[in-house]
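final35.cif follows; it contains mmCIF, C-alpha atoms.
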```
data_coords
#
loop_
_atom_site.label_atom_id
_atom_site.label_comp_id
_atom_site.auth_asym_id
_atom_site.auth_seq_id
_atom_site.Cartn_x
_atom_site.Cartn_y
_atom_site.Cartn_z
CA MET A 1 -23.45 -32.32 19.81
CA ARG A 2 -21.74 -33.77 16.74
CA PHE A 3 -23.65 -34.81 13.65
CA LEU A 4 -21.60 -37.29 11.66
CA LEU A 5 -22.93 -39.37 8.79
CA ASP A 6 -22.53 -43.10 9.14
CA THR A 7 -20.81 -45.27 6.53
CA GLU A 8 -24.00 -46.02 4.63
CA GLN A 9 -25.04 -42.37 4.49
CA ARG A 10 -21.61 -41.28 3.26
CA ALA A 11 -21.69 -43.98 0.58
CA PHE A 12 -25.13 -42.75 -0.50
CA ALA A 13 -23.84 -39.18 -0.79
CA ASP A 14 -20.77 -40.32 -2.73
CA SER A 15 -22.93 -42.36 -5.09
CA LEU A 16 -25.19 -39.39 -5.84
CA ASP A 17 -22.17 -37.15 -6.32
CA ALA A 18 -20.70 -39.57 -8.87
CA ARG A 19 -24.00 -39.91 -10.74
CA LEU A 20 -24.50 -36.16 -10.95
CA LYS A 21 -20.95 -35.44 -12.06
CA ALA A 22 -21.44 -37.89 -14.93
CA ALA A 23 -24.75 -36.25 -15.88
CA ASP A 24 -23.16 -32.87 -16.76
CA THR A 25 -25.82 -31.01 -14.76
CA PRO A 26 -24.90 -27.47 -15.95
CA SER A 27 -26.01 -28.33 -19.49
CA VAL A 28 -29.14 -30.03 -18.11
CA VAL A 29 -29.97 -26.89 -16.11
CA ARG A 30 -29.63 -24.64 -19.13
CA GLU A 31 -31.90 -26.86 -21.22
CA TRP A 32 -34.44 -26.98 -18.38
CA SER A 33 -34.50 -23.18 -18.12
CA ARG A 34 -35.42 -23.04 -21.82
CA GLY A 35 -38.31 -25.44 -21.31
CA ALA A 36 -36.52 -28.48 -22.77
CA HIS A 37 -37.10 -31.14 -20.11
CA GLY A 38 -35.97 -34.34 -21.81
CA ARG A 39 -32.55 -34.70 -20.18
CA GLY A 40 -33.86 -33.32 -16.91
CA ARG A 41 -36.59 -35.95 -16.70
CA ALA A 42 -34.06 -38.65 -17.58
CA LEU A 43 -31.93 -37.43 -14.68
CA TRP A 44 -35.07 -37.42 -12.52
CA ARG A 45 -35.63 -41.11 -13.25
CA GLU A 46 -31.99 -41.82 -12.44
CA LEU A 47 -32.35 -40.09 -9.08
CA ALA A 48 -35.48 -42.11 -8.42
CA GLU A 49 -33.57 -45.31 -9.16
CA ALA A 50 -31.07 -44.20 -6.51
CA GLY A 51 -33.98 -43.96 -4.06
CA VAL A 52 -34.06 -40.19 -3.56
CA PHE A 53 -37.83 -39.73 -3.73
CA ALA A 54 -38.64 -43.03 -2.06
CA LEU A 55 -36.98 -41.70 1.10
CA ALA A 56 -40.03 -39.52 1.76
CA VAL A 57 -42.57 -42.27 0.99
CA PRO A 58 -43.53 -45.00 3.51
CA GLU A 59 -42.91 -48.63 2.66
CA GLU A 60 -46.61 -49.41 2.27
CA TYR A 61 -46.67 -47.07 -0.75
CA GLY A 62 -43.50 -48.40 -2.36
CA GLY A 63 -40.96 -46.20 -0.60
CA PHE A 64 -38.14 -46.56 1.93
CA GLY A 65 -39.25 -43.89 4.37
CA PRO A 66 -39.85 -41.74 6.05
CA ARG A 67 -36.10 -41.10 6.35
CA PRO A 68 -35.58 -37.35 6.82
CA VAL A 69 -31.85 -37.56 7.56
CA GLU A 70 -31.22 -39.36 4.27
CA VAL A 71 -33.44 -36.81 2.50
CA ALA A 72 -31.17 -34.08 3.88
CA VAL A 73 -28.08 -36.00 2.73
CA ALA A 74 -29.53 -36.35 -0.77
CA PHE A 75 -30.60 -32.73 -1.09
CA VAL A 76 -27.18 -31.43 -0.13
CA GLU A 77 -25.85 -33.27 -3.18
CA LEU A 78 -28.73 -32.08 -5.37
CA GLY A 79 -27.92 -28.51 -4.38
CA ARG A 80 -24.20 -29.05 -4.86
CA HIS A 81 -24.90 -30.02 -8.49
CA ALA A 82 -27.72 -27.48 -9.11
CA VAL A 83 -30.16 -30.20 -10.19
CA PRO A 84 -33.31 -28.57 -11.65
CA GLY A 85 -36.93 -29.53 -11.16
CA PRO A 86 -39.58 -29.57 -8.42
CA LEU A 87 -37.39 -31.64 -6.09
CA VAL A 88 -38.48 -30.09 -2.79
CA GLU A 89 -42.07 -29.95 -3.98
CA THR A 90 -42.13 -33.67 -4.78
CA VAL A 91 -40.88 -34.51 -1.28
CA ALA A 92 -43.39 -32.11 0.31
CA SER A 93 -46.20 -33.58 -1.82
CA ALA A 94 -45.25 -37.09 -0.72
CA VAL A 95 -45.43 -36.07 2.94
CA LEU A 96 -48.75 -34.28 2.42
CA LEU A 97 -50.32 -37.25 0.68
CA THR A 98 -48.96 -39.68 3.26
CA ARG A 99 -50.58 -37.73 6.09
CA LEU A 100 -53.92 -37.88 4.29
CA GLY A 101 -53.58 -41.67 4.09
CA ALA A 102 -55.13 -44.51 2.12
CA PRO A 103 -57.41 -45.40 0.44
CA GLY A 104 -57.53 -41.81 -0.75
CA PRO A 105 -55.00 -39.86 -2.79
CA ALA A 106 -52.01 -41.44 -1.04
CA GLY A 107 -52.62 -44.90 -2.43
CA ARG A 108 -53.37 -43.44 -5.83
CA LEU A 109 -50.38 -41.11 -6.24
CA LEU A 110 -47.57 -42.08 -3.90
CA PRO A 111 -46.25 -45.24 -5.62
CA ALA A 112 -45.52 -43.33 -8.82
CA LEU A 113 -43.83 -40.52 -6.87
CA ALA A 114 -41.59 -43.02 -5.10
CA SER A 115 -40.59 -44.76 -8.33
CA GLY A 116 -39.93 -41.54 -10.22
CA GLY A 117 -42.68 -42.25 -12.71
CA THR A 118 -44.24 -38.90 -11.86
CA ALA A 119 -42.99 -35.60 -10.53
CA ALA A 120 -45.13 -33.39 -8.31
CA THR A 121 -45.32 -29.71 -7.54
CA LEU A 122 -47.19 -28.07 -4.70
CA ALA A 123 -48.64 -24.64 -3.97
CA PRO A 124 -49.15 -24.17 -0.21
CA ALA A 125 -52.05 -22.44 1.46
CA GLY A 126 -51.89 -18.68 1.15
CA GLY A 127 -51.09 -18.67 -2.54
CA GLY A 128 -47.77 -18.70 -4.30
CA PRO A 129 -46.67 -19.96 -7.68
CA LEU A 130 -46.43 -23.56 -8.82
CA LEU A 131 -42.80 -24.45 -9.54
CA ASP A 132 -42.23 -26.27 -12.84
CA ALA A 133 -45.94 -26.84 -13.34
CA ASP A 134 -45.34 -27.36 -17.05
CA THR A 135 -43.34 -30.53 -16.47
CA ALA A 136 -44.85 -31.83 -13.21
CA ASP A 137 -47.35 -34.66 -13.66
CA VAL A 138 -49.09 -33.92 -10.34
CA ARG A 139 -49.95 -30.32 -9.42
CA LEU A 140 -51.29 -30.04 -5.88
CA VAL A 141 -52.87 -26.88 -4.51
CA VAL A 142 -53.73 -26.39 -0.83
CA SER A 143 -56.47 -23.89 -0.09
CA GLY A 144 -56.71 -22.36 3.36
CA HIS A 145 -59.76 -21.34 5.34
CA ASP A 146 -60.89 -17.88 4.22
CA ALA A 147 -63.86 -16.07 2.70
CA ARG A 148 -63.43 -17.82 -0.64
CA ASN A 149 -62.70 -21.24 0.86
CA PRO A 150 -65.15 -22.21 3.61
CA ALA A 151 -63.04 -25.27 4.43
CA PRO A 152 -59.41 -26.16 3.82
CA GLY A 153 -58.91 -28.44 0.86
CA LEU A 154 -56.49 -30.09 -1.53
CA ARG A 155 -57.06 -30.16 -5.27
CA LEU A 156 -55.31 -31.55 -8.29
CA ALA A 157 -54.84 -28.57 -10.59
CA PRO A 158 -54.85 -28.78 -14.40
CA ALA A 159 -51.80 -28.04 -16.52
CA PRO A 160 -50.99 -24.35 -16.91
CA THR A 161 -51.94 -22.55 -20.10
CA ALA A 162 -50.07 -19.30 -19.45
CA PRO A 163 -46.29 -18.92 -19.88
CA PRO A 164 -44.03 -18.96 -16.82
CA ARG A 165 -43.47 -15.86 -14.73
CA PRO A 166 -40.06 -14.18 -14.51
CA SER A 167 -37.83 -15.81 -11.90
CA LEU A 168 -34.58 -14.87 -10.18
CA ASP A 169 -33.37 -18.35 -11.09
CA PRO A 170 -34.12 -19.18 -14.74
CA ALA A 171 -34.06 -22.88 -13.85
CA ARG A 172 -36.97 -22.33 -11.41
CA ARG A 173 -39.93 -21.97 -13.78
CA LEU A 174 -42.79 -20.33 -11.87
CA PHE A 175 -46.43 -20.57 -12.97
CA GLY A 176 -49.63 -19.09 -11.68
CA VAL A 177 -52.10 -21.44 -10.03
CA PRO A 178 -54.79 -22.38 -12.59
CA PRO A 179 -58.39 -22.60 -11.41
CA GLY A 180 -60.44 -25.76 -11.28
CA GLY A 181 -59.33 -29.34 -10.97
CA GLU A 182 -60.24 -32.41 -8.97
CA ILE A 183 -60.81 -32.09 -5.22
CA LEU A 184 -58.70 -34.75 -3.49
CA ALA A 185 -59.45 -34.01 0.17
CA SER A 186 -61.03 -31.40 2.41
CA GLY A 187 -61.34 -30.61 6.08
CA PRO A 188 -58.97 -29.84 8.96
CA GLU A 189 -56.80 -32.88 8.21
CA VAL A 190 -55.58 -31.05 5.10
CA THR A 191 -54.32 -28.17 7.24
CA SER A 192 -52.48 -30.58 9.53
CA ALA A 193 -50.98 -32.49 6.61
CA ALA A 194 -49.89 -29.26 4.92
CA ALA A 195 -48.12 -28.17 8.12
CA ASP A 196 -46.12 -31.41 8.16
CA ALA A 197 -45.31 -30.98 4.47
CA LEU A 198 -44.00 -27.46 5.18
CA VAL A 199 -41.53 -28.84 7.74
CA TRP A 200 -40.12 -31.29 5.20
CA ALA A 201 -40.08 -28.61 2.48
CA ARG A 202 -38.03 -26.29 4.68
CA LEU A 203 -35.70 -29.13 5.63
CA ALA A 204 -35.10 -30.09 1.99
CA THR A 205 -34.69 -26.44 0.97
CA ALA A 206 -32.13 -25.93 3.73
CA ALA A 207 -30.18 -28.96 2.54
CA GLN A 208 -30.36 -27.81 -1.08
CA ALA A 209 -29.12 -24.35 -0.04
CA LEU A 210 -26.25 -25.85 1.95
CA GLY A 211 -25.16 -27.85 -1.09
CA THR A 212 -25.46 -24.74 -3.26
CA GLY A 213 -23.26 -22.79 -0.87
CA LEU A 214 -20.67 -25.55 -0.71
CA ALA A 215 -20.48 -25.67 -4.51
CA LEU A 216 -20.02 -21.89 -4.68
CA LEU A 217 -17.29 -22.04 -2.08
CA ASP A 218 -15.44 -24.89 -3.80
CA ARG A 219 -15.58 -23.18 -7.18
CA THR A 220 -14.42 -19.86 -5.74
CA VAL A 221 -11.48 -21.41 -3.88
CA ALA A 222 -10.39 -23.15 -7.10
CA TYR A 223 -10.72 -19.88 -9.03
CA VAL A 224 -8.69 -17.67 -6.64
CA VAL A 225 -5.91 -20.26 -6.66
CA ARG A 226 -5.69 -20.06 -10.47
CA ARG A 227 -6.19 -16.33 -10.89
CA THR A 228 -3.08 -14.22 -10.41
CA GLN A 229 -2.51 -10.56 -9.69
CA PHE A 230 0.85 -8.85 -9.22
CA GLY A 231 2.39 -12.18 -10.08
CA VAL A 232 0.80 -14.19 -7.24
CA PRO A 233 -2.51 -16.06 -6.81
CA VAL A 234 -5.23 -13.75 -5.46
CA GLY A 235 -6.08 -16.51 -3.01
CA SER A 236 -2.89 -15.64 -1.14
CA PHE A 237 -4.24 -12.19 -0.21
CA GLN A 238 -5.33 -11.90 3.41
CA ALA A 239 -8.60 -10.13 2.57
CA VAL A 240 -9.58 -12.92 0.18
CA LYS A 241 -8.76 -15.58 2.79
CA HIS A 242 -10.93 -13.79 5.35
CA ARG A 243 -13.93 -13.63 3.01
CA LEU A 244 -13.66 -17.31 2.18
CA ALA A 245 -13.16 -18.27 5.82
CA ASP A 246 -16.30 -16.32 6.81
CA ALA A 247 -18.30 -18.13 4.13
CA LYS A 248 -16.96 -21.51 5.23
CA ILE A 249 -17.83 -20.83 8.88
CA ALA A 250 -21.37 -19.77 7.97
CA LEU A 251 -21.95 -22.94 5.95
CA GLU A 252 -20.49 -25.21 8.61
CA PHE A 253 -22.63 -23.55 11.27
CA ALA A 254 -25.71 -24.39 9.19
CA ARG A 255 -24.82 -28.07 8.89
CA PRO A 256 -25.64 -29.18 12.49
CA LEU A 257 -28.85 -27.17 12.43
CA LEU A 258 -29.86 -29.00 9.25
CA PHE A 259 -29.24 -32.48 10.60
CA GLY A 260 -30.63 -31.56 14.00
CA ALA A 261 -33.87 -30.55 12.29
CA ALA A 262 -33.84 -33.80 10.31
CA LEU A 263 -33.70 -35.74 13.57
CA THR A 264 -36.45 -33.82 15.36
CA LEU A 265 -38.71 -32.74 12.48
CA ASP A 266 -39.73 -29.90 14.76
CA PRO A 267 -41.25 -26.93 12.85
CA ALA A 268 -39.09 -24.40 14.69
CA ASP A 269 -35.94 -26.45 14.11
CA ALA A 270 -36.74 -26.72 10.40
CA ALA A 271 -37.33 -22.97 10.20
CA ALA A 272 -34.02 -22.27 11.97
CA ALA A 273 -32.16 -24.62 9.63
CA LYS A 274 -33.81 -23.08 6.60
CA VAL A 275 -33.00 -19.47 7.43
CA THR A 276 -29.44 -20.28 8.54
CA ALA A 277 -28.53 -22.43 5.52
CA CYS A 278 -30.15 -20.13 2.98
CA GLU A 279 -28.52 -17.00 4.40
CA ALA A 280 -25.15 -18.78 4.53
CA ALA A 281 -25.54 -19.81 0.88
CA TYR A 282 -26.53 -16.28 -0.13
CA ARG A 283 -23.57 -14.84 1.76
CA THR A 284 -21.29 -17.29 -0.01
CA ALA A 285 -22.85 -16.31 -3.35
CA ARG A 286 -22.03 -12.65 -2.72
CA THR A 287 -18.46 -13.58 -1.81
CA ALA A 288 -18.13 -15.77 -4.90
CA LEU A 289 -19.41 -13.00 -7.14
CA GLN A 290 -17.04 -10.43 -5.68
CA LEU A 291 -13.97 -12.66 -5.88
CA HIS A 292 -14.69 -13.79 -9.44
CA GLY A 293 -15.02 -10.22 -10.65
CA ALA A 294 -16.72 -9.41 -13.94
CA ILE A 295 -16.76 -13.01 -15.17
CA GLY A 296 -19.09 -13.89 -12.29
CA TYR A 297 -21.83 -11.74 -13.81
CA THR A 298 -21.97 -13.59 -17.12
CA ALA A 299 -24.82 -16.03 -17.66
CA GLU A 300 -22.56 -18.22 -19.83
CA TYR A 301 -20.25 -18.91 -16.90
CA ASP A 302 -21.39 -21.91 -14.86
CA LEU A 303 -21.07 -20.04 -11.57
CA SER A 304 -24.26 -18.15 -12.43
CA LEU A 305 -26.31 -21.36 -12.07
CA TRP A 306 -25.51 -21.49 -8.36
CA LEU A 307 -25.57 -17.71 -7.80
CA THR A 308 -29.17 -17.38 -8.95
CA LYS A 309 -30.26 -20.51 -7.10
CA ALA A 310 -28.82 -19.25 -3.80
CA ARG A 311 -30.86 -16.06 -4.12
CA ALA A 312 -34.06 -17.85 -5.10
CA LEU A 313 -33.84 -20.39 -2.27
CA LEU A 314 -33.52 -17.57 0.26
CA THR A 315 -37.27 -16.90 0.03
CA ALA A 316 -38.56 -20.30 -1.13
CA TRP A 317 -40.86 -22.00 1.39
CA GLY A 318 -40.64 -19.11 3.82
CA THR A 319 -38.77 -15.82 3.86
CA PRO A 320 -36.07 -15.23 6.47
CA ALA A 321 -38.53 -13.06 8.41
CA GLN A 322 -41.19 -15.78 8.39
CA CYS A 323 -38.73 -18.44 9.52
CA ARG A 324 -37.38 -16.25 12.31
CA ALA A 325 -40.93 -15.52 13.44
CA ARG A 326 -41.59 -19.27 13.65
CA VAL A 327 -38.51 -19.79 15.82
CA LEU A 328 -39.40 -16.85 18.07
CA ALA A 329 -42.97 -18.09 18.46
CA ALA A 330 -41.73 -21.51 19.55
CA SER A 331 -39.42 -19.94 22.11
CA GLY A 332 -42.19 -17.79 23.54
CA ALA A 333 -40.44 -14.61 22.48
CA GLY A 334 -42.61 -13.86 19.47
CA GLY A 335 -46.23 -13.44 18.59
CA ASP A 336 -48.58 -15.82 16.84
#
```
Take the structure in the file and give it back as C-alpha cells.
Amino acid sequence: MRFLLDTEQRAFADSLDARLKAADTPSVVREWSRGAHGRGRALWRELAEAGVFALAVPEEYGGFGPRPVEVAVAFVELGRHAVPGPLVETVASAVLLTRLGAPGPAGRLLPALASGGTAATLAPAGGGPLLDADTADVRLVVSGHDARNPAPGLRLAPAPTAPPRPSLDPARRLFGVPPGGEILASGPEVTSAAADALVWARLATAAQALGTGLALLDRTVAYVVRRTQFGVPVGSFQAVKHRLADAKIALEFARPLLFGAALTLDPADAAAAKVTACEAAYRTARTALQLHGAIGYTAEYDLSLWLTKARALLTAWGTPAQCRARVLAASGAGGD
C-alpha cells in the first residue's frame, strides 16, 4: 500500500516548513530551555493560526477535526524544526476532553486550545512528569484506579512550585505533578477517554520523531559533503554512504506505519508507528553524531537540539518495550 499526501496536505506541510524556517527555531529552542517562553509562545500562536491545534478539535468546539492524518503531517514538520513546547500533550488533551464531551470540560477548555489561546499539558494515568507545566495554561492529570484513587478521574492541576527535573532534552522541561486542583470528571469514561488520548499522543510523537530523524539525516548529508579528508569529501567513502543509507531506509520504513496508524487510529498501529519511528530517529541520531565527530557533542552546535530530542522521544508516551507489548497483545502473541 502506498501512502501519498494529496495536494492540499503537501501545501500544508510546505506552508509550515516556510513559517518555521522564518522563525529561526534553534534560537527559540535555546530560549525555551532556559525558561524564557516569549518567542516560543509567539510561535505557538502562529502555529495555531495555521490550524495545527484545531486539527485535533471537532468543529463544534471551534476546530477543524478530528483530522489525524493532517496532525501527522503537521507534527513531522514540527519535529523537523525541533519546535519546543507541549505540542503532543496539547493534542492529547484535546482528544481527552473531546471524549468527555459537553457541557463539561470540553466546552469550557477546547475552544481556547483550538485557537492557540492556551496550551495544555497532560500527565497520563500511572504517573509521569508534566511536560512544560510552567508555561502550559491547562495542566491535566489522569488518575487511575488504585488504592489511593477509588475511581478514575481527571483533575486540573495547579501551577508547579518546584523547579524542573533534569531532562535528556533541555527543551523538554519536566515537572513533578503537584497535588490538589479542580476535579473535572470521574468514572470509567475517563479511562476510556485517556486510552483514546494515548493513541493520538503516540501518533503525534511518532510523527515528531520522524521529522526529527529527517532533519538529522539532512544535516548530516550536508555536513559530510562539505567535510573533507585526504582531499575528498567524507561523504564519498563507502562506509559513510552505508550508514546514511541505513538511516534513510529506517526512516522511510517508519513513514507508511505512521500514516497507516493515522488512518486507522488503532492502538496497536499507533504503538507500532511510535516504536518504529522513534527507533529510526534514534538510530539516525547515533549515525549523525558519529559522522559529525567531536563537533556533534557540543551543545552550541545546532545538531544537538535534534540529537537530544531523538533520545527523549524514544521513551515519551511509551517505551519501546511497552509499545511492542501492545502490538504483541493485539496480535494474540503477547500477554495482557
Report the closest atom pair, with its distance in Å rounded to one decimal, for each residue of region 154-249 of chain A that has an atom no farther than 9 Å from region 90-108 of chain A; count only C-alpha atoms, sort by chain and then rising residue number, and write it as a Markdown table.
```
| residue | atom | partner | partner_atom | distance |
| --- | --- | --- | --- | --- |
| A:Leu184 | CA | A:Pro105 | CA | 6.3 |
| A:Ala185 | CA | A:Leu100 | CA | 7.9 |
| A:Glu189 | CA | A:Leu100 | CA | 7.0 |
| A:Val190 | CA | A:Leu100 | CA | 7.1 |
| A:Ser192 | CA | A:Arg99 | CA | 8.2 |
| A:Ala193 | CA | A:Leu96 | CA | 5.1 |
| A:Ala194 | CA | A:Leu96 | CA | 5.7 |
| A:Ala195 | CA | A:Leu96 | CA | 8.4 |
| A:Asp196 | CA | A:Leu96 | CA | 6.9 |
| A:Ala197 | CA | A:Ala92 | CA | 4.7 |
| A:Leu198 | CA | A:Ala92 | CA | 6.8 |
| A:Val199 | CA | A:Ala92 | CA | 8.3 |
| A:Trp200 | CA | A:Ala92 | CA | 5.9 |
| A:Ala201 | CA | A:Ala92 | CA | 5.3 |
| A:Ala204 | CA | A:Val91 | CA | 8.0 |
```
Quiz prompt | Protein, DNA and RNA residues within 12 Å of (-31.8, -35.4, -13.3), only C-alpha atoms, as a ChimeraX atom specification | solution = /A:16,19-29,31-32,37-50,52,77-79,81-87,116,119
Self-check item: Distance criterion (only C-alpha atoms): nearest to Val142 (chain A) out of A:Leu314, A:Leu122, A:Ala56, A:Leu203
Solution: A:Leu122
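Shortest separation to Ala207 (chain A) among A:Ala261, A:Leu5, A:Ala268, A:Ala133 occurs at residue A:Ala261, atoms counted being all atoms listed in the file.
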For the structure provided, state which residues fall under the PyMOL selection byres ((chain A and resi 325-333) around 10), and present them as a compact mmCIF listing (two decimals) with C-alpha atoms, in the frame of the given file.
```txt
# COMPACT_ATOMS: atom_id res chain seq x y z
CA ASP A 266 -39.73 -29.90 14.76
CA PRO A 267 -41.25 -26.93 12.85
CA ALA A 268 -39.09 -24.40 14.69
CA ASP A 269 -35.94 -26.45 14.11
CA ALA A 270 -36.74 -26.72 10.40
CA ALA A 271 -37.33 -22.97 10.20
CA ALA A 272 -34.02 -22.27 11.97
CA GLY A 318 -40.64 -19.11 3.82
CA THR A 319 -38.77 -15.82 3.86
CA PRO A 320 -36.07 -15.23 6.47
CA ALA A 321 -38.53 -13.06 8.41
CA GLN A 322 -41.19 -15.78 8.39
CA CYS A 323 -38.73 -18.44 9.52
CA ARG A 324 -37.38 -16.25 12.31
CA GLY A 334 -42.61 -13.86 19.47
CA GLY A 335 -46.23 -13.44 18.59
CA ASP A 336 -48.58 -15.82 16.84
```
Quiz item: Leaving out Ala209 (chain A) and any residue of its chain fewer than 5 positions from it, which residues lie within 8 Å of it when counting only C-alpha atoms, given as a ChimeraX atom specification?
Solution: /A:76,79,277-278,281,310,313
Residue selection dump (C-alpha atoms) as a PDB file, keeping the file's coordinate frame:
```
ATOM      1  CA  VAL A  76     -27.180 -31.430  -0.130  1.00  0.00           C
ATOM      2  CA  GLY A  79     -27.920 -28.510  -4.380  1.00  0.00           C
ATOM      3  CA  ALA A 277     -28.530 -22.430   5.520  1.00  0.00           C
ATOM      4  CA  CYS A 278     -30.150 -20.130   2.980  1.00  0.00           C
ATOM      5  CA  ALA A 281     -25.540 -19.810   0.880  1.00  0.00           C
ATOM      6  CA  ALA A 310     -28.820 -19.250  -3.800  1.00  0.00           C
ATOM      7  CA  LEU A 313     -33.840 -20.390  -2.270  1.00  0.00           C
TER       8      LEU A 313
END
```
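Minimum distance to Thr220 (chain A) across A:Lys309, A:His292, A:Arg243, A:Arg172 (counting all atoms listed in the file) occurs at A:His292.
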Exercise. Go through A:Ala162, A:Val275, A:Leu258, A:Ala285 one by one, measure the shortest atom-to-atom distance of each to Gly213 (chain A) using all atoms listed in the file, and give the residue with the smallest value.
Key: A:Ala285
Per residue of region 77-185 of chain A within 6 Å of region 57-68 of chain A, note the shortest atom pair and the distance in Å to one decimal, counting only C-alpha atoms, and order the rows by chain and increasing residue number, as JSON lines.
```
{"residue": "A:Leu110", "atom": "CA", "partner": "A:Tyr61", "partner_atom": "CA", "distance": 6.0}
{"residue": "A:Pro111", "atom": "CA", "partner": "A:Tyr61", "partner_atom": "CA", "distance": 5.2}
{"residue": "A:Ala114", "atom": "CA", "partner": "A:Gly63", "partner_atom": "CA", "distance": 5.5}
```
Store the residues picked out above, limited to C-alpha atoms, as a PDB file, in the frame of the given file.
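Result went into out.pdb, see below:
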```
ATOM      1  CA  LEU A 110     -47.570 -42.080  -3.900  1.00  0.00           C
ATOM      2  CA  PRO A 111     -46.250 -45.240  -5.620  1.00  0.00           C
ATOM      3  CA  ALA A 114     -41.590 -43.020  -5.100  1.00  0.00           C
TER       4      ALA A 114
END
```
Quiz item: Neighbours of Leu174 (chain A) within 6 Å (only C-alpha atoms; same-chain residues fewer than 3 positions away dropped), as a PyMOL selection string?
Solution: chain A and resi 129-131+164-165
